[in-house]
Amino acid sequence: MTRTQHIRARIVWPVDQPPVDDGALVVADGTIREVGRVRAVASPAGAERVDLGDAILLPGLVNAHCHLDYTHMAGQIAPTSAFTDWIKCITALKGSWPAAAFRDSWLAGAAMSVRRGATTVADIEAVPELLPDVWRETPLRVISFLEMTGVKSRRNPGAILGESLAKADALPTGRCGVGLSPHAPYSTVPELLRLSAEAARARGWRLATHVAESAEEYEMFMEARGTMYDWLARNERDMADCGGVSPVQHLAQHGVLGPNFLAVHANVLQPGDAELLAGSGSAVVHCPRSHAYFGHRPFARLGLERAGVNVCLGTDSLTTVLKRHEQVLDLFCEMREFMASSPGVAPAAVVGLATVNGARALGLDGRAGTLAVGAWADAIAVPFAGAITETADAVVHHAGDVAASMIGGEWALAPASGRIPA
């Protein structure tokens, strides 16, 4: 039987359209059927009526890069002077965990994400054995990007990819889905990058790679020297692909860039890299608190945006959140950190990074990240009783759990009050 709801709030803000004072949605079969002013949005006969009162109703947030597996690693790795030292630390920590610890960590991160307003999460999955069981235990829409490396194991790239494809093919389709994630240019070989890109395009999947994350990675590819270069050479990585190219250019050479590609971090860019990303249709996922944890150079927001790159936001993992920050997967925190490091940026634009832009990066434009007719009924509410002109600022500065969360027309977090019998 079709479930129909008429949901009213003090302000309804689609984000890609101006906020509506005294607004409402009609939701049925998991999608939005109407949106607008209350007086123009009639409540269908038999609809369940919900009045959220003094609140802003906006699209569920889209976390375009996360590591749910690592949630319980929060605060366990202090910032290191060298990026390679941090890689060694997290590798050792992961190696000490039993499978059950990763499952508990994943579920804790998913529950935390729902409470803090995310409805869609792009998760890098390092422990594919968790799937699909963990999907069933969260209301989130999760795109699990199956992570692949290959330097340390020195295994055949085709075999590495084949295992990920076999896992993906065995997973059910529905609310959650899969993508591919060759981890980073430095931790893979060119053939794995090329094969992964070809497979993702052929299957209509998204592809995500950590790229240009650190100065050491940049030095490795541009100069064929440095801390990362020496460390990987000692570990018998074939370094013939290094020298004279930026990490972004390296990915371009091996066919990785494209409209389905998410360049995660993109912190250290060569002149022309932004234009290369833009021309390919690739998106960039920026993780502001992770950026602060590592003390990277200022993020090249203006250059990327001027080139026409779709920039969106992710939380990364809690292993890269400074202890002075709240240890929680929270895109509101990321929005505030972004604003603090980008003086003059408009709050409405920042909210767009965590909704509209993230949905576009994941191929969900028009379905997620907006409140529009035909979109998924994924919405959240934050308390607010101020002027409509302050809507965007109020959203960016919201702290704590959201007041309500709906995913696919079902309440993931039901409002504390406001239900009115039909």
# chains A, B, ... in the order shown; residues from 1 in each chain; ligands from 1
call {"tool": "residues_around", "arguments": {"residues": "region 27-43 of chain A", "least_positions_apart": "4", "cutoff": "8 Å", "atoms": "only C-alpha atoms", "output": "mmCIF file with C-alpha atoms, in the first residue's frame"}}
result
data_model
loop_
_atom_site.group_PDB
_atom_site.id
_atom_site.type_symbol
_atom_site.label_atom_id
_atom_site.label_comp_id
_atom_site.auth_asym_id
_atom_site.auth_seq_id
_atom_site.Cartn_x
_atom_site.Cartn_y
_atom_site.Cartn_z
ATOM 1 C CA THR A 2 1.331 3.448 -0.926
ATOM 2 C CA ARG A 3 2.383 5.518 2.063
ATOM 3 C CA THR A 4 1.703 9.203 1.565
ATOM 4 C CA GLN A 5 2.893 11.963 3.882
ATOM 5 C CA HIS A 6 2.346 15.709 3.952
ATOM 6 C CA ILE A 7 5.301 17.277 5.792
ATOM 7 C CA ARG A 8 5.265 20.921 6.833
ATOM 8 C CA VAL A 12 11.659 24.302 3.294
ATOM 9 C CA VAL A 20 10.351 28.710 1.055
ATOM 10 C CA ASP A 21 8.700 30.209 4.124
ATOM 11 C CA ASP A 22 5.983 28.001 5.633
ATOM 12 C CA GLY A 23 6.707 25.196 3.211
ATOM 13 C CA ALA A 47 -2.094 11.284 3.927
ATOM 14 C CA ARG A 49 0.386 14.786 8.237
ATOM 15 C CA LEU A 371 14.028 18.642 -2.635
ATOM 16 C CA ALA A 372 12.356 18.512 -6.025
ATOM 17 C CA VAL A 373 9.479 16.672 -7.633
ATOM 18 C CA GLY A 374 10.720 13.220 -8.610
ATOM 19 C CA ALA A 375 13.706 13.273 -6.238
ATOM 20 C CA TRP A 376 14.162 10.669 -3.551
ATOM 21 C CA ALA A 377 12.398 11.616 -0.332
ATOM 22 C CA ILE A 407 15.464 8.323 3.711
ATOM 23 C CA GLY A 408 13.318 7.053 0.893
ATOM 24 C CA GLY A 409 10.162 8.318 2.557
ATOM 25 C CA GLU A 410 10.812 6.447 5.816
#
call {"tool": "select_by_dssp", "arguments": {"residues": "region 261-381 of chain A", "states": "alpha helix (DSSP H)", "output": "ChimeraX atom specification"}}
result
/A:273-280,288-294,301-307,331-341,347-353,356-361
call {"tool": "closest_residue", "arguments": {"among": "A:Leu304, A:Val189, A:Glu236, A:Asn260", "to": "Ala202 (chain A)", "atoms": "only C-alpha atoms"}}
result
A:Asn260
call {"tool": "closest_residue", "arguments": {"among": "A:Thr188, A:Asp123, A:Lys167, A:Arg154", "to": "Val264 (chain A)", "atoms": "only C-alpha atoms"}}
result
A:Asp123
call {"tool": "residues_around", "arguments": {"residues": "Ala64 (chain A)", "least_positions_apart": "5", "cutoff": "9 Å", "atoms": "only C-alpha atoms", "output": "number ranges by chain"}}
result
A: 120-123, 262, 264, 285-286, 312-316, 354, 358-359, 361-362
call {"tool": "select_by_dssp", "arguments": {"residues": "region 298-391 of chain A", "states": "strand (DSSP E)", "output": "list in words"}}
result
Asn310, Val311, Cys312, Leu313, Ala379, Ile380, Ala381, Val382 and Pro383 of chain A
call {"tool": "residues_around", "arguments": {"residues": "region 127-140 of chain A", "least_positions_apart": "5", "cutoff": "8 Å", "atoms": "only C-alpha atoms", "output": "list in words"}}
result
Asp69, Phe102, Arg103, Trp106, Leu107, Ala110, Ala111, Val114, Ala118, Thr119, Thr120, Val121, Leu146, Lys167, Leu171, Pro172, Cys176, Ile407 and Ala412 of chain A
call {"tool": "closest_residue", "arguments": {"among": "A:Ser214, A:Thr320, A:Gln249, A:Asn357", "to": "Cys89 (chain A)", "atoms": "only C-alpha atoms"}}
result
A:Thr320
call {"tool": "closest_residue", "arguments": {"among": "A:Gly177, A:Pro157, A:Gly308, A:Gly226", "to": "Leu193 (chain A)", "atoms": "only C-alpha atoms"}}
result
A:Pro157
call {"tool": "closest_residue", "arguments": {"among": "A:Thr227, A:Arg115, A:Ala168, A:Val268", "to": "Trp205 (chain A)", "atoms": "only C-alpha atoms"}}
result
A:Ala168
call {"tool": "closest_atom_pairs", "arguments": {"of": "region 196-293 of chain A", "to": "region 341-346 of chain A", "cutoff": "12 Å", "atoms": "only C-alpha atoms", "output": "CSV"}}
result
residue,atom,partner,partner_atom,distance
A:Cys287,CA,A:Ser341,CA,11.8
A:Pro288,CA,A:Ser341,CA,8.3
A:Arg289,CA,A:Ser341,CA,10.1
A:His291,CA,A:Ser341,CA,10.2
A:Ala292,CA,A:Ser341,CA,9.1
call {"tool": "atom_distance", "arguments": {"atom1": "CA of Met73 (chain A)", "atom2": "CA of Leu318 (chain A)"}}
result
6.6 Å
call {"tool": "atom_distance", "arguments": {"atom1": "CA of Val256 (chain A)", "atom2": "CA of Ala199 (chain A)"}}
result
10.7 Å
call {"tool": "residues_around", "arguments": {"residues": "Gly75 (chain A)", "least_positions_apart": "5", "cutoff": "9 Å", "atoms": "only C-alpha atoms", "output": "ChimeraX atom specification"}}
result
/A:318-323,327
call {"tool": "residues_around", "arguments": {"residues": "Phe145 (chain A)", "least_positions_apart": "2", "cutoff": "10 Å", "atoms": "only C-alpha atoms", "output": "list in words"}}
result
His65, Cys66, His67, Ala122, Asp123, Ile124, Glu125, Ala126, Pro128, Val142, Ile143, Glu147, Met148, Ser164, Ala168, Gly177, Val178, Gly179, Leu180, Ser181, Pro182, His183, Trp205, Arg206, Leu207, Ala208 and Thr209 of chain A
call {"tool": "write_last_selection", "arguments": {"atoms": "N, CA and C atoms", "output": "tab-separated table (two decimals), in the first residue's frame"}}
result
chain	number	residue	atom	x	y	z
A	65	HIS	N	32.94	11.19	0.52
A	65	HIS	CA	34.13	10.38	0.80
A	65	HIS	C	34.21	10.07	2.29
A	66	CYS	N	34.20	8.79	2.60
A	66	CYS	CA	34.21	8.37	4.00
A	66	CYS	C	34.89	7.00	4.10
A	67	HIS	N	35.36	6.68	5.31
A	67	HIS	CA	35.90	5.36	5.63
A	67	HIS	C	35.17	4.88	6.88
A	122	ALA	N	29.39	7.89	0.35
A	122	ALA	CA	30.33	7.20	-0.52
A	122	ALA	C	31.45	6.67	0.36
A	123	ASP	N	31.44	5.37	0.59
A	123	ASP	CA	32.35	4.75	1.57
A	123	ASP	C	33.42	3.93	0.87
A	124	ILE	N	34.67	4.15	1.25
A	124	ILE	CA	35.76	3.32	0.74
A	124	ILE	C	35.80	2.05	1.57
A	125	GLU	N	35.58	0.92	0.92
A	125	GLU	CA	35.45	-0.34	1.65
A	125	GLU	C	36.74	-1.16	1.55
A	126	ALA	N	37.48	-1.17	2.67
A	126	ALA	CA	38.72	-1.94	2.74
A	126	ALA	C	38.48	-3.37	3.18
A	128	PRO	N	35.77	-5.86	2.27
A	128	PRO	CA	34.56	-6.19	1.51
A	128	PRO	C	33.76	-7.35	2.08
A	142	VAL	N	24.29	3.73	0.80
A	142	VAL	CA	25.74	3.60	0.82
A	142	VAL	C	26.23	3.13	-0.55
A	143	ILE	N	27.18	3.87	-1.10
A	143	ILE	CA	27.91	3.39	-2.27
A	143	ILE	C	29.25	2.91	-1.74
A	147	GLU	N	38.01	-1.13	-2.34
A	147	GLU	CA	39.38	-0.61	-2.39
A	147	GLU	C	40.36	-1.66	-2.88
A	148	MET	N	41.30	-1.21	-3.73
A	148	MET	CA	42.32	-2.11	-4.28
A	148	MET	C	43.69	-1.44	-4.20
A	164	SER	N	37.53	-8.05	-6.94
A	164	SER	CA	36.57	-7.00	-6.61
A	164	SER	C	35.32	-7.11	-7.48
A	168	ALA	N	31.52	-7.66	-6.20
A	168	ALA	CA	30.45	-6.73	-6.59
A	168	ALA	C	29.30	-7.46	-7.27
A	177	GLY	N	24.83	0.41	-3.26
A	177	GLY	CA	25.47	0.00	-4.50
A	177	GLY	C	26.98	-0.01	-4.36
A	178	VAL	N	27.68	-0.23	-5.46
A	178	VAL	CA	29.13	-0.36	-5.43
A	178	VAL	C	29.80	0.57	-6.43
A	179	GLY	N	31.08	0.79	-6.19
A	179	GLY	CA	31.98	1.47	-7.10
A	179	GLY	C	33.34	0.82	-6.93
A	180	LEU	N	34.33	1.32	-7.65
A	180	LEU	CA	35.68	0.80	-7.55
A	180	LEU	C	36.61	1.89	-7.04
A	181	SER	N	37.61	1.49	-6.25
A	181	SER	CA	38.56	2.46	-5.72
A	181	SER	C	39.98	1.91	-5.72
A	182	PRO	N	40.69	2.05	-6.86
A	182	PRO	CA	42.13	1.83	-6.78
A	182	PRO	C	42.69	2.90	-5.84
A	183	HIS	N	43.34	2.49	-4.77
A	183	HIS	CA	43.54	3.35	-3.61
A	183	HIS	C	44.17	4.71	-3.94
A	205	TRP	N	29.63	2.41	-13.22
A	205	TRP	CA	29.94	2.65	-11.82
A	205	TRP	C	30.77	3.91	-11.66
A	206	ARG	N	30.79	4.42	-10.43
A	206	ARG	CA	31.69	5.49	-10.05
A	206	ARG	C	33.06	4.89	-9.71
A	207	LEU	N	34.09	5.72	-9.88
A	207	LEU	CA	35.48	5.35	-9.59
A	207	LEU	C	36.06	6.43	-8.69
A	208	ALA	N	36.71	6.04	-7.60
A	208	ALA	CA	37.28	7.02	-6.67
A	208	ALA	C	38.72	6.64	-6.34
A	209	THR	N	39.58	7.64	-6.31
A	209	THR	CA	41.00	7.43	-5.98
A	209	THR	C	41.51	8.60	-5.15
call {"tool": "closest_residue", "arguments": {"among": "A:Asp330, A:Asn63, A:Val248, A:Leu413", "to": "Gly272 (chain A)", "atoms": "only C-alpha atoms"}}
result
A:Val248
call {"tool": "residues_around", "arguments": {"residues": "region 390-393 of chain A", "least_positions_apart": "3", "cutoff": "6 Å", "atoms": "only C-alpha atoms", "output": "PyMOL selection string"}}
result
chain A and resi 347-348+387+396
call {"tool": "decode", "arguments": {"residues": "region 308-346 of chain A", "atoms": "C-alpha atoms", "output": "PDB file, in the first residue's frame"}}
result
ATOM      1  CA  GLY A 308      34.691  24.429 -13.731  1.00  0.00           C
ATOM      2  CA  VAL A 309      35.420  21.434 -11.504  1.00  0.00           C
ATOM      3  CA  ASN A 310      32.532  20.117  -9.424  1.00  0.00           C
ATOM      4  CA  VAL A 311      33.886  20.357  -5.849  1.00  0.00           C
ATOM      5  CA  CYS A 312      32.060  18.535  -3.071  1.00  0.00           C
ATOM      6  CA  LEU A 313      32.676  17.558   0.555  1.00  0.00           C
ATOM      7  CA  GLY A 314      33.557  14.410   2.453  1.00  0.00           C
ATOM      8  CA  THR A 315      34.415  13.600   6.036  1.00  0.00           C
ATOM      9  CA  ASP A 316      37.287  11.194   5.322  1.00  0.00           C
ATOM     10  CA  SER A 317      37.754   8.950   8.381  1.00  0.00           C
ATOM     11  CA  LEU A 318      37.946   9.807  12.058  1.00  0.00           C
ATOM     12  CA  THR A 319      41.606   8.791  12.065  1.00  0.00           C
ATOM     13  CA  THR A 320      42.297  12.194  10.507  1.00  0.00           C
ATOM     14  CA  VAL A 321      40.300  14.458  12.798  1.00  0.00           C
ATOM     15  CA  LEU A 322      42.307  16.460  15.318  1.00  0.00           C
ATOM     16  CA  LYS A 323      41.476  15.817  18.965  1.00  0.00           C
ATOM     17  CA  ARG A 324      40.443  19.454  19.390  1.00  0.00           C
ATOM     18  CA  HIS A 325      37.563  18.713  17.009  1.00  0.00           C
ATOM     19  CA  GLU A 326      34.510  16.663  17.895  1.00  0.00           C
ATOM     20  CA  GLN A 327      35.253  13.048  17.008  1.00  0.00           C
ATOM     21  CA  VAL A 328      32.203  12.467  14.858  1.00  0.00           C
ATOM     22  CA  LEU A 329      31.431  11.932  11.164  1.00  0.00           C
ATOM     23  CA  ASP A 330      29.594  15.182  10.577  1.00  0.00           C
ATOM     24  CA  LEU A 331      29.320  17.210   7.378  1.00  0.00           C
ATOM     25  CA  PHE A 332      28.118  20.233   9.352  1.00  0.00           C
ATOM     26  CA  CYS A 333      31.552  20.226  11.035  1.00  0.00           C
ATOM     27  CA  GLU A 334      33.184  19.933   7.620  1.00  0.00           C
ATOM     28  CA  MET A 335      31.143  22.864   6.322  1.00  0.00           C
ATOM     29  CA  ARG A 336      32.240  25.041   9.227  1.00  0.00           C
ATOM     30  CA  GLU A 337      35.888  24.067   8.763  1.00  0.00           C
ATOM     31  CA  PHE A 338      35.574  24.873   5.054  1.00  0.00           C
ATOM     32  CA  MET A 339      34.201  28.316   5.834  1.00  0.00           C
ATOM     33  CA  ALA A 340      36.941  28.969   8.389  1.00  0.00           C
ATOM     34  CA  SER A 341      39.621  28.210   5.791  1.00  0.00           C
ATOM     35  CA  SER A 342      37.841  30.000   2.925  1.00  0.00           C
ATOM     36  CA  PRO A 343      37.033  33.555   4.056  1.00  0.00           C
ATOM     37  CA  GLY A 344      34.280  35.194   2.063  1.00  0.00           C
ATOM     38  CA  VAL A 345      32.633  32.045   0.772  1.00  0.00           C
ATOM     39  CA  ALA A 346      28.835  32.239   0.971  1.00  0.00           C
TER      40      ALA A 346
END
